[in-house]
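Trainee: Contents of start30.cif (mmCIF, C-alpha atoms) are below:
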```cif
data_protein
#
loop_
_atom_site.label_atom_id
_atom_site.label_comp_id
_atom_site.auth_asym_id
_atom_site.auth_seq_id
_atom_site.Cartn_x
_atom_site.Cartn_y
_atom_site.Cartn_z
CA MET A 1 0.00 0.00 0.00
CA LEU A 2 1.27 3.45 -0.87
CA LYS A 3 1.63 5.82 2.04
CA GLU A 4 1.70 9.54 1.45
CA LYS A 5 4.10 11.75 3.34
CA VAL A 6 3.71 15.50 3.10
CA TYR A 7 6.77 17.69 3.47
CA TYR A 8 6.18 21.40 3.87
CA CYS A 9 8.73 23.78 2.47
CA ASN A 10 9.17 27.54 2.13
CA LYS A 11 10.72 27.71 -1.31
CA PRO A 12 8.20 28.29 -4.12
CA GLY A 13 10.61 26.72 -6.59
CA SER A 14 9.98 23.34 -5.02
CA VAL A 15 6.26 23.32 -5.81
CA LEU A 16 5.16 20.37 -7.90
CA LYS A 17 3.87 21.57 -11.25
CA ARG A 18 0.86 19.30 -11.26
CA GLN A 19 -0.39 20.94 -8.04
CA ILE A 20 -0.53 24.45 -9.34
CA SER A 21 -0.70 24.53 -13.13
CA PHE A 22 -4.50 24.56 -13.43
CA THR A 23 -4.99 27.01 -10.55
CA MET A 24 -2.32 29.32 -11.91
CA ARG A 25 -3.92 29.43 -15.34
CA LEU A 26 -7.32 30.12 -13.82
CA LEU A 27 -6.09 32.96 -11.59
CA PHE A 28 -4.05 34.48 -14.39
CA ALA A 29 -7.11 34.50 -16.66
CA ILE A 30 -9.22 36.16 -13.98
CA PHE A 31 -6.54 38.77 -13.24
CA THR A 32 -6.03 39.56 -16.92
CA PHE A 33 -9.76 39.92 -17.58
CA PHE A 34 -10.38 42.18 -14.61
CA SER A 35 -7.39 44.43 -15.31
CA ALA A 36 -7.97 44.76 -19.04
CA GLY A 37 -10.05 47.92 -18.81
CA GLU A 38 -11.05 50.73 -16.53
CA VAL A 39 -13.15 48.42 -14.37
CA PHE A 40 -11.70 49.41 -11.03
CA SER A 41 -13.14 52.88 -10.72
CA GLN A 42 -15.74 52.89 -7.97
CA PRO A 43 -19.09 51.55 -9.11
CA GLY A 44 -20.91 54.17 -11.18
CA ILE A 45 -20.83 56.63 -8.32
CA SER A 46 -23.07 59.69 -8.57
CA SER A 47 -22.41 62.16 -5.77
CA PRO A 48 -21.98 65.95 -5.87
CA TYR A 49 -19.47 65.56 -3.04
CA SER A 50 -17.10 63.72 -5.40
CA SER A 51 -16.32 67.05 -7.12
CA PHE A 52 -13.86 67.93 -4.33
CA GLY A 53 -10.33 66.67 -3.78
CA VAL A 54 -9.69 63.47 -5.73
CA GLY A 55 -13.31 62.35 -5.42
CA SER A 56 -15.06 59.94 -3.08
CA LEU A 57 -12.46 57.70 -1.43
CA ALA A 58 -12.86 53.94 -1.76
CA LYS A 59 -13.32 52.09 1.53
CA ILE A 60 -13.13 48.46 0.46
CA ASN A 61 -9.98 46.52 1.29
CA ASN A 62 -11.37 43.03 1.66
CA VAL A 63 -14.87 41.86 2.53
CA ARG A 64 -13.87 40.34 5.89
CA THR A 65 -12.50 43.55 7.42
CA MET A 66 -15.13 45.71 5.71
CA SER A 67 -17.80 43.66 7.50
CA MET A 68 -16.05 44.44 10.80
CA GLY A 69 -16.45 48.20 10.45
CA GLY A 70 -13.34 48.55 8.30
CA ASN A 71 -11.22 47.56 11.28
CA THR A 72 -7.84 46.63 9.75
CA ILE A 73 -4.72 48.18 11.33
CA GLY A 74 -4.51 45.98 14.42
CA VAL A 75 -5.84 42.78 12.81
CA ARG A 76 -3.82 39.73 11.72
CA ASN A 77 -5.21 36.65 10.00
CA ARG A 78 -3.47 33.78 8.21
CA SER A 79 -6.06 33.60 5.41
CA THR A 80 -6.90 37.32 4.91
CA ILE A 81 -5.04 39.77 2.67
CA ASP A 82 -5.25 43.18 4.32
CA ILE A 83 -3.31 45.89 2.50
CA SER A 84 -4.22 48.63 5.01
CA ASN A 85 -1.33 47.48 7.20
CA ALA A 86 1.44 45.76 5.27
CA ALA A 87 2.83 44.32 8.52
CA SER A 88 -0.13 41.92 8.60
CA TYR A 89 1.24 39.95 5.62
CA SER A 90 3.65 38.10 7.92
CA ALA A 91 0.65 36.19 9.30
CA PHE A 92 0.27 34.34 5.99
CA ASP A 93 0.77 30.60 6.23
CA SER A 94 4.23 29.63 4.97
CA THR A 95 2.82 26.98 2.62
CA SER A 96 -0.22 28.73 1.16
CA PHE A 97 -1.18 30.98 -1.71
CA LEU A 98 -4.05 33.46 -1.05
CA PHE A 99 -6.37 35.04 -3.57
CA GLU A 100 -9.52 37.16 -3.27
CA ALA A 101 -11.71 38.83 -5.88
CA GLY A 102 -14.86 40.78 -5.09
CA ILE A 103 -17.77 42.76 -6.47
CA VAL A 104 -19.96 45.42 -4.88
CA GLY A 105 -23.55 46.55 -5.39
CA LEU A 106 -24.50 50.05 -4.31
CA PHE A 107 -27.89 51.59 -3.52
CA VAL A 108 -28.07 55.30 -2.62
CA ASN A 109 -31.02 57.47 -1.66
CA TYR A 110 -30.37 61.23 -2.01
CA GLN A 111 -32.30 63.66 0.18
CA THR A 112 -32.46 67.45 -0.13
CA GLU A 113 -34.80 70.08 1.23
CA LYS A 114 -36.61 69.96 -2.13
CA GLY A 115 -36.95 66.23 -2.80
CA THR A 116 -35.32 62.81 -3.13
CA ASP A 117 -33.65 60.67 -5.78
CA GLU A 118 -32.17 57.16 -5.98
CA MET A 119 -29.36 55.27 -7.69
CA VAL A 120 -28.51 51.56 -8.03
CA THR A 121 -25.24 50.37 -9.53
CA GLY A 122 -22.40 47.86 -9.11
CA ASN A 123 -18.93 46.88 -10.25
CA ILE A 124 -15.80 44.85 -9.50
CA SER A 125 -14.31 46.04 -6.21
CA HIS A 126 -10.90 44.41 -5.73
CA ILE A 127 -8.40 41.70 -6.61
CA LEU A 128 -5.88 40.59 -3.96
CA MET A 129 -3.06 38.03 -3.88
CA GLY A 130 -0.77 36.99 -1.03
CA PHE A 131 2.05 34.44 -0.84
CA PRO A 132 5.28 33.51 0.99
CA VAL A 133 8.62 34.32 -0.61
CA ASN A 134 10.77 32.51 1.96
CA LYS A 135 10.79 31.79 5.71
CA TRP A 136 10.97 35.44 6.75
CA TRP A 137 9.37 37.30 3.82
CA ARG A 138 5.71 37.53 2.78
CA ALA A 139 4.39 39.52 -0.18
CA SER A 140 1.12 40.66 -1.75
CA LEU A 141 -0.28 42.06 -4.99
CA ALA A 142 -3.47 44.09 -5.22
CA LEU A 143 -5.54 45.96 -7.78
CA LEU A 144 -8.39 48.13 -6.52
CA PRO A 145 -9.92 51.61 -6.73
CA TYR A 146 -8.56 54.54 -4.73
CA SER A 147 -11.16 57.21 -5.52
CA SER A 148 -13.98 58.00 -7.92
CA VAL A 149 -15.57 61.12 -9.40
CA GLY A 150 -19.13 61.07 -10.71
CA TYR A 151 -21.75 63.83 -10.65
CA ASP A 152 -24.20 65.77 -12.81
CA VAL A 153 -25.58 68.86 -11.07
CA SER A 154 -27.70 71.70 -12.49
CA SER A 155 -28.62 75.12 -11.12
CA TYR A 156 -30.48 78.12 -12.53
CA ASN A 157 -30.26 81.88 -12.28
CA TYR A 158 -32.37 84.62 -13.82
CA SER A 159 -31.28 87.72 -15.70
CA VAL A 160 -33.57 90.50 -16.95
CA ASP A 161 -31.66 90.65 -20.24
CA ALA A 162 -31.12 86.94 -20.91
CA GLY A 163 -33.91 85.24 -18.96
CA ASN A 164 -33.05 81.91 -17.33
CA ILE A 165 -29.37 80.96 -17.17
CA LYS A 166 -28.61 77.28 -16.71
CA TYR A 167 -25.37 76.14 -15.07
CA GLN A 168 -24.56 72.44 -15.38
CA TYR A 169 -21.59 70.66 -13.80
CA PHE A 170 -20.30 67.23 -14.84
CA GLY A 171 -17.59 65.04 -13.35
CA SER A 172 -16.16 61.58 -14.04
CA GLY A 173 -13.04 59.48 -13.55
CA GLY A 174 -11.00 58.68 -10.47
CA PHE A 175 -7.77 57.07 -9.30
CA ASN A 176 -6.87 53.37 -9.29
CA ARG A 177 -4.23 51.62 -7.21
CA PHE A 178 -1.85 48.78 -8.10
CA ASN A 179 -0.10 47.64 -4.95
CA ILE A 180 3.01 45.55 -4.26
CA GLY A 181 3.61 44.86 -0.56
CA SER A 182 6.14 43.09 1.62
CA SER A 183 6.30 42.10 5.27
CA PHE A 184 9.17 40.94 7.50
CA GLN A 185 9.57 39.63 11.05
CA PRO A 186 12.77 40.95 12.67
CA LEU A 187 11.55 39.51 16.02
CA SER A 188 9.16 36.70 16.86
CA TYR A 189 6.60 39.20 18.24
CA LEU A 190 7.14 42.08 15.83
CA SER A 191 6.27 42.54 12.16
CA ILE A 192 7.08 45.43 9.85
CA GLY A 193 5.95 46.00 6.27
CA PHE A 194 5.54 48.45 3.45
CA ASN A 195 3.45 48.92 0.32
CA ALA A 196 4.68 50.44 -2.92
CA SER A 197 1.57 51.54 -4.82
CA TYR A 198 1.20 53.03 -8.25
CA LEU A 199 -1.68 55.53 -8.21
CA TRP A 200 -2.98 56.54 -11.60
CA GLY A 201 -6.10 57.96 -13.14
CA LYS A 202 -7.88 60.91 -14.68
CA LEU A 203 -10.16 63.51 -13.10
CA ASN A 204 -12.60 65.03 -15.60
CA LYS A 205 -14.59 68.14 -14.65
CA SER A 206 -16.78 70.13 -17.04
CA GLN A 207 -19.15 73.08 -16.83
CA THR A 208 -21.71 74.45 -19.27
CA ILE A 209 -23.51 77.79 -19.26
CA SER A 210 -26.60 77.97 -21.46
CA PHE A 211 -29.59 80.27 -22.04
CA PRO A 212 -32.79 78.21 -22.44
CA ASP A 213 -34.97 81.30 -23.10
CA SER A 214 -32.82 82.74 -25.88
CA VAL A 215 -31.83 81.18 -29.21
CA ASN A 216 -29.53 84.10 -30.02
CA LEU A 217 -27.11 83.66 -27.11
CA ALA A 218 -24.32 81.10 -27.45
CA GLY A 219 -23.60 78.72 -24.62
CA THR A 220 -20.17 77.99 -23.15
CA LEU A 221 -18.53 74.67 -22.40
CA ILE A 222 -15.49 74.58 -20.12
CA ASP A 223 -13.62 71.29 -19.82
CA ASN A 224 -10.83 70.58 -17.29
CA SER A 225 -8.97 67.32 -16.88
CA ILE A 226 -6.03 66.20 -14.76
CA VAL A 227 -4.08 63.03 -15.54
CA SER A 228 -1.87 61.70 -12.73
CA GLY A 229 0.40 58.74 -12.15
CA ASP A 230 3.12 58.10 -9.61
CA VAL A 231 4.42 55.76 -6.90
CA VAL A 232 3.41 56.24 -3.27
CA PHE A 233 4.59 54.36 -0.18
CA ASP A 234 3.00 53.47 3.12
CA PHE A 235 4.48 51.69 6.13
CA GLY A 236 3.10 49.52 8.89
CA VAL A 237 4.11 47.80 12.11
CA GLN A 238 2.38 45.25 14.35
CA TYR A 239 3.25 43.99 17.82
CA TYR A 240 1.55 40.80 18.95
CA THR A 241 1.72 38.76 22.13
CA LYS A 242 -0.05 36.04 24.10
CA LEU A 243 -2.15 36.99 27.12
CA LYS A 244 -3.87 34.93 29.79
CA ASN A 245 -6.82 32.67 28.96
CA ASN A 246 -5.46 31.91 25.46
CA LEU A 247 -6.01 35.48 24.28
CA ASP A 248 -3.90 37.17 21.61
CA LEU A 249 -3.24 40.92 21.55
CA VAL A 250 -2.25 42.77 18.37
CA VAL A 251 -1.30 46.46 18.34
CA GLY A 252 -0.70 48.10 14.96
CA ALA A 253 0.25 51.44 13.45
CA THR A 254 0.48 52.78 9.88
CA PHE A 255 2.04 55.83 8.29
CA THR A 256 1.76 57.31 4.81
CA PRO A 257 4.06 60.25 4.07
CA LYS A 258 2.94 63.25 2.04
CA THR A 259 3.40 62.48 -1.64
CA ALA A 260 3.32 64.57 -4.82
CA LEU A 261 1.90 62.80 -7.87
CA ALA A 262 3.35 63.81 -11.23
CA SER A 263 0.40 65.24 -13.18
CA GLU A 264 -0.62 67.09 -16.30
CA ALA A 265 -3.64 69.35 -16.77
CA HIS A 266 -5.65 70.12 -19.90
CA TYR A 267 -8.08 73.03 -20.34
CA ILE A 268 -10.40 74.13 -23.12
CA ALA A 269 -13.33 76.55 -23.31
CA MET A 270 -15.63 76.67 -26.34
CA SER A 271 -18.83 78.40 -27.36
CA TYR A 272 -21.71 76.44 -28.89
CA ALA A 273 -24.97 77.26 -30.61
CA GLY A 274 -27.00 74.30 -29.39
CA GLU A 275 -26.93 70.83 -27.89
CA THR A 276 -28.86 67.66 -28.71
CA HIS A 277 -28.54 64.49 -26.63
CA GLY A 278 -25.10 65.52 -25.40
CA ILE A 279 -23.80 66.50 -28.87
CA TYR A 280 -22.74 70.16 -29.05
CA ASN A 281 -22.77 72.40 -32.13
CA PHE A 282 -19.52 74.24 -31.42
CA LYS A 283 -18.92 77.69 -32.87
CA ASP A 284 -15.55 78.86 -31.61
CA THR A 285 -12.69 78.10 -29.22
CA ILE A 286 -12.49 80.71 -26.46
CA ALA A 287 -9.38 79.39 -24.68
CA TYR A 288 -7.14 76.37 -25.11
CA ILE A 289 -4.30 75.22 -22.86
CA PRO A 290 -3.26 71.77 -24.14
CA LEU A 291 -0.75 70.82 -21.45
CA VAL A 292 0.42 72.11 -18.09
CA MET A 293 2.80 70.00 -16.01
CA GLY A 294 2.38 70.02 -12.25
CA GLN A 295 1.65 67.96 -9.16
CA VAL A 296 -1.26 66.67 -7.12
CA GLU A 297 -0.10 66.70 -3.49
CA MET A 298 -1.58 63.81 -1.50
CA PRO A 299 -1.82 64.10 2.29
CA MET A 300 0.13 62.53 5.13
CA GLU A 301 -1.87 59.86 6.98
CA PHE A 302 -1.44 57.74 10.08
CA GLY A 303 -3.48 55.17 11.96
CA LEU A 304 -3.52 53.24 15.24
CA GLY A 305 -5.43 50.09 16.10
CA PHE A 306 -5.54 47.06 18.35
CA SER A 307 -7.46 43.80 18.63
CA PHE A 308 -8.04 40.97 21.07
CA GLU A 309 -8.58 37.46 19.74
CA LYS A 310 -9.27 34.00 21.03
CA SER A 311 -7.84 32.03 18.16
CA ASP A 312 -10.41 30.46 15.82
CA HIS A 313 -13.28 31.54 18.09
CA TRP A 314 -13.69 35.32 18.27
CA MET A 315 -11.93 38.62 17.61
CA PHE A 316 -12.70 42.26 18.42
CA GLY A 317 -10.73 45.39 17.53
CA VAL A 318 -10.79 49.19 17.49
CA GLU A 319 -8.88 51.69 15.34
CA TYR A 320 -8.41 55.38 14.54
CA LYS A 321 -7.18 56.97 11.29
CA TRP A 322 -6.28 60.60 10.54
CA ALA A 323 -5.34 62.32 7.25
CA ASN A 324 -3.95 65.81 6.70
CA TRP A 325 -6.25 66.78 3.79
CA SER A 326 -5.99 70.49 4.64
CA GLU A 327 -2.60 70.39 2.89
CA PHE A 328 -4.00 68.81 -0.28
CA ARG A 329 -3.18 70.80 -3.42
CA LYS A 330 -3.77 70.45 -7.14
CA PHE A 331 -1.21 72.39 -9.17
CA GLY A 332 -0.45 74.56 -6.14
CA GLN A 333 -4.09 75.41 -5.45
CA LEU A 334 -5.83 74.54 -2.18
CA ASP A 335 -9.22 72.82 -2.43
CA SER A 336 -10.72 74.05 0.89
CA LEU A 337 -10.50 70.58 2.43
CA GLN A 338 -10.33 69.73 6.13
CA ASN A 339 -8.35 67.11 8.03
CA SER A 340 -10.33 63.87 8.25
CA SER A 341 -10.74 61.39 11.11
CA THR A 342 -12.22 57.90 11.10
CA TYR A 343 -13.15 55.74 14.08
CA SER A 344 -14.09 52.09 13.60
CA ALA A 345 -14.69 48.99 15.67
CA GLY A 346 -15.79 45.47 14.92
CA GLY A 347 -15.24 41.78 15.32
CA GLU A 348 -15.85 38.22 14.23
CA TYR A 349 -17.36 35.18 15.93
CA ILE A 350 -17.02 31.47 15.07
CA GLN A 351 -18.93 28.94 17.17
CA ASN A 352 -16.75 25.91 16.37
CA ILE A 353 -14.27 26.12 13.52
CA ASN A 354 -13.51 22.38 13.65
CA SER A 355 -17.10 21.15 13.82
CA THR A 356 -17.75 18.03 11.73
CA TYR A 357 -21.42 17.73 12.69
CA SER A 358 -22.80 21.19 11.90
CA TYR A 359 -21.61 23.28 8.97
CA TRP A 360 -23.30 26.37 10.44
CA GLN A 361 -21.06 26.24 13.50
CA THR A 362 -18.09 26.94 11.19
CA VAL A 363 -19.63 30.04 9.56
CA ARG A 364 -17.91 33.34 10.45
CA ILE A 365 -20.28 36.01 11.80
CA ARG A 366 -18.93 39.57 11.45
CA PHE A 367 -20.16 42.93 12.75
CA GLY A 368 -18.96 46.49 13.30
CA GLY A 369 -19.44 50.19 12.80
CA HIS A 370 -17.59 53.30 11.64
CA PHE A 371 -17.78 57.07 12.04
CA THR A 372 -15.95 59.57 9.83
CA GLN A 373 -15.47 63.32 9.89
CA SER A 374 -14.81 63.71 6.18
CA TYR A 375 -12.46 66.12 4.46
CA LEU A 376 -15.42 68.18 3.19
CA LYS A 377 -16.59 71.34 4.96
CA LEU A 378 -19.40 73.04 3.04
CA ARG A 379 -21.44 76.04 4.16
CA GLY A 380 -19.89 75.82 7.60
CA GLU A 381 -20.72 72.10 8.00
CA GLN A 382 -18.00 69.45 8.13
CA LEU A 383 -19.73 66.49 6.55
CA LYS A 384 -19.96 63.35 8.67
CA GLU A 385 -20.51 59.72 7.75
CA PHE A 386 -21.83 56.97 9.99
CA GLY A 387 -22.38 53.32 9.15
CA ILE A 388 -23.01 49.88 10.61
CA THR A 389 -21.61 46.75 9.00
CA PHE A 390 -22.17 43.02 9.23
CA GLY A 391 -21.44 39.97 7.14
CA PHE A 392 -20.71 36.26 6.95
CA GLY A 393 -17.91 33.97 5.82
CA PHE A 394 -19.06 30.62 4.43
CA PRO A 395 -16.23 28.04 4.29
CA LEU A 396 -16.07 25.83 1.20
CA LYS A 397 -16.56 22.22 2.30
CA SER A 398 -14.12 20.79 -0.23
CA SER A 399 -11.48 23.24 0.96
CA ARG A 400 -12.00 22.32 4.62
CA LEU A 401 -11.33 18.66 3.83
CA ARG A 402 -7.89 19.69 2.51
CA GLY A 403 -7.17 21.77 5.61
CA ASN A 404 -7.57 25.09 3.76
CA GLU A 405 -9.71 28.14 4.60
CA SER A 406 -11.22 29.11 1.25
CA MET A 407 -14.64 30.70 1.62
CA ILE A 408 -17.39 32.83 0.19
CA ASN A 409 -17.78 36.21 1.89
CA ILE A 410 -20.77 38.51 1.91
CA GLY A 411 -20.89 41.84 3.73
CA PHE A 412 -23.21 44.80 4.18
CA ASP A 413 -22.40 48.46 4.90
CA ILE A 414 -25.47 50.55 5.77
CA GLY A 415 -24.95 54.22 6.50
CA THR A 416 -25.51 57.89 5.85
CA ARG A 417 -23.34 60.81 4.76
CA GLY A 418 -23.94 64.55 4.73
CA THR A 419 -27.07 66.53 5.59
CA GLU A 420 -30.13 67.80 3.73
CA TYR A 421 -29.96 71.18 5.48
CA LYS A 422 -28.25 74.35 4.21
CA ASN A 423 -29.05 73.29 0.62
CA LEU A 424 -26.76 70.25 0.91
CA VAL A 425 -27.41 66.58 0.10
CA LYS A 426 -27.89 63.68 2.51
CA GLU A 427 -26.86 60.31 1.10
CA ASN A 428 -28.36 57.17 2.65
CA TYR A 429 -26.60 54.11 1.25
CA VAL A 430 -26.54 50.32 1.34
CA ASN A 431 -23.40 48.63 -0.02
CA VAL A 432 -23.51 44.88 -0.61
CA HIS A 433 -20.10 43.22 -1.01
CA PHE A 434 -19.43 39.71 -2.28
CA SER A 435 -16.10 37.95 -2.68
CA VAL A 436 -14.49 34.56 -3.07
CA SER A 437 -11.30 34.05 -1.09
CA ILE A 438 -9.05 31.12 -1.92
CA GLN A 439 -6.37 29.58 0.26
CA GLU A 440 -4.47 26.75 -1.39
CA ARG A 441 -1.45 24.87 -0.09
CA TRP A 442 0.97 25.19 -2.98
CA PHE A 443 4.37 25.11 -1.39
CA VAL A 444 4.49 21.48 -0.35
CA LYS A 445 6.10 18.26 -1.53
CA ARG A 446 4.37 14.91 -1.46
CA ARG A 447 6.30 11.66 -1.46
CA TYR A 448 4.94 8.15 -1.65
CA LYS A 449 6.37 4.97 -0.25
#
```
Have the structure of the file written as structure tokens, please.

Mentor:
Amino acid sequence: MLKEKVYYCNKPGSVLKRQISFTMRLLFAIFTFFSAGEVFSQPGISSPYSSFGVGSLAKINNVRTMSMGGNTIGVRNRSTIDISNAASYSAFDSTSFLFEAGIVGLFVNYQTEKGTDEMVTGNISHILMGFPVNKWWRASLALLPYSSVGYDVSSYNYSVDAGNIKYQYFGSGGFNRFNIGSSFQPLSYLSIGFNASYLWGKLNKSQTISFPDSVNLAGTLIDNSIVSGDVVFDFGVQYYTKLKNNLDLVVGATFTPKTALASEAHYIAMSYAGETHGIYNFKDTIAYIPLVMGQVEMPMEFGLGFSFEKSDHWMFGVEYKWANWSEFRKFGQLDSLQNSSTYSAGGEYIQNINSTYSYWQTVRIRFGGHFTQSYLKLRGEQLKEFGITFGFGFPLKSSRLRGNESMINIGFDIGTRGTEYKNLVKENYVNVHFSVSIQERWFVKRRYK
């Protein structure tokens, strides 16, 4: 009778080809398909608040931590890729390859003093990979959105000479992020890490001025765009130790230095005689500046967090993040932004991770909440955001039999941002996140006797 012996090793070069060839081809096909186009901008966002700064900032990192209030900095998990703190990569199993891909559906209800409106949309949210390089080095790759711009706002004024004057403002685009991260353990209880991310994208902002009551007055279209692309770095550290009663404590911190993105701006203003279904009958070019080189100055950020965990049973953590958005500049110009602060807390509960009698005892139950003072201060009001989160992790039975932790994740983020007073907009939203996370033992040798 053949007996199988499994030898674990830390060198990827020793992986048997028959173990990984099919999985590698599948993951490569998924990665290539998802990254082929501009599919990583946030899902069809439509918010007047995205006209400021670099747009509405993406919150998704992975579905597990999102479901726990976005609690990430002081959290470590062997089967979760968490790019918010690169020091967490050292928790990856030394014999496993990790992969996660997710989508998000978004429902928003807009409230103003004059009425309401709604929007439903969705898109791909993230692709993450994590793997060991050797005994002391773990790495990750990630592709996900950083920010998104999307709005279409109209206002009217009245002039005795021209009648009604219509002002319309359009915005689209955003920044994406491709991330390469590494983590190291200089001491058995200490992990350090860093991410090198390439931020790139285009911010499109346009304005039209038209005269609906007069066919003799030409309208004006002003189009601005900024194209940026550069490398940014962020750093993380985690300290972890054993406490009494089989409890683990993790304390983490992150830091992102101020960074200037190399950018170029384009500007054109034209007059037009009429417009039909978005097609303008242009008459003349008023001003044209084809290219101006400059910088978009991104803010310094830092975060602190900690968590308590009873391994494979429950975890709870709290964190705080701060960003110096008051120093944000585009081509040397301030954008009237404020420093932002985010508070979050959340956890996870598993009744019995090793249960062989009840599948439901192995399901991860997640919960949390978050509160943010955003970087927007409009009409004397610094806009606030509050949300509650919850979700579930459903292990794949076939994966459990192989000793892996692959699972299907679903999470919900229900919250509100802004206010309907002072002629502002209140956004009530429900985000539904879905992902498949894969943990496969690749870096092993099997021998038969």

Trainee: So which residues get picked by the PyMOL selection byres ((chain A and resi 303-315) around 8) here, written as a PyMOL selection string?

Mentor: chain A and resi 71-75+246-255+301-302+316-322+347-353

Trainee: Set the distance at 12 Å and use all atoms listed in the file: which residues neighbour Asp413 of chain A once local chain neighbours fewer than 5 positions away are removed? I'd like the list as a PyMOL selection string.

Mentor: chain A and resi 59-60+63-70+104-108+366-370+385-391+428-434

Trainee: To one decimal in Å, tell me the separation between atom CA of Tyr375 of chain A and atom CA of Ser326 of chain A.

Mentor: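 Answer for the atom CA of Tyr375 of chain A to atom CA of Ser326 of chain A separation: 7.8 Å.
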
Trainee: Name the residues captured by the PyMOL selection byres ((chain A and resi 377) around 12) when it is applied to the shown file; answer as JSON, numbers by chain.

Mentor: {"A": [49, 52, 53, 325, 326, 335, 336, 337, 338, 339, 340, 373, 374, 375, 376, 378, 379, 380, 381, 382, 383, 384, 418, 419, 424]}

Trainee: Using the chain letters and numbers from the file, which residues does the PyMOL selection byres ((chain A and resi 224-233) around 8) grab, as a ChimeraX atom specification?

Mentor: /A:194-206,222-223,234-235,256-257,259,261-268,296

Trainee: Report, in Å with one decimal, the straight-line distance from atom CA of Lys397 of chain A to atom CA of Thr356 of chain A.

Mentor: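 Atom CA of Thr356 of chain A lies 10.4 Å from atom CA of Lys397 of chain A.
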
Trainee: Could you pull the residues within 8 Å of segment 130-134 of chain A, counting only C-alpha atoms, minus those fewer than 6 positions along the same chain, as a list in words?

Mentor: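 The residues satisfying every condition are Asn10, Lys11, Pro12, Ile81, Tyr89, Phe92, Asp93, Ser94, Thr95, Ser96, Phe97, Leu98, Phe99, Ser140 and Leu141 of chain A.
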
Trainee: Need the shell around Asn157 of chain A: protein/DNA/RNA residues with any atom at most 8 Å away, counting all atoms listed in the file. Skip same-chain ones fewer than 3 positions apart. Format as JSON, numbers by chain?

Mentor: {"A": [164, 165, 166]}

Trainee: Between atom CA of Gly332 of chain A and atom CA of Pro299 of chain A, what distance in Å does the model show, to one decimal?

Mentor: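 If I compute the distance from atom CA of Gly332 of chain A to atom CA of Pro299 of chain A, I get 13.5 Å.
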
Trainee: Edge lengths and centre in Å to one decimal, as AutoDock Vina command-line options, is what I'm after for the box along x, y and z that holds all listed atoms of segment 45-64 of chain A once 5 Å is added on each side.

Mentor:
```
--center_x -16.4 --center_y 54.1 --center_z -1.3 --size_x 23.4 --size_y 37.6 --size_z 24.5
```

Trainee: Out of A:Ser47, A:Ser437, A:Ser84, A:Ser406, which residue has the shortest atom-to-atom distance to Tyr110 of chain A when counting all atoms listed in the file?

Mentor: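 Of A:Ser47, A:Ser437, A:Ser84, A:Ser406, the one nearest Tyr110 of chain A is A:Ser47, counting all atoms listed in the file.
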
Trainee: Nearest to Arg138 of chain A among A:Tyr156, A:Phe170, A:Phe184, A:Tyr357, with distances taken over all atoms listed in the file: which residue is it?

Mentor: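 Checking each of A:Tyr156, A:Phe170, A:Phe184, A:Tyr357 against Arg138 of chain A, counting all atoms listed in the file, the winner is A:Phe184.
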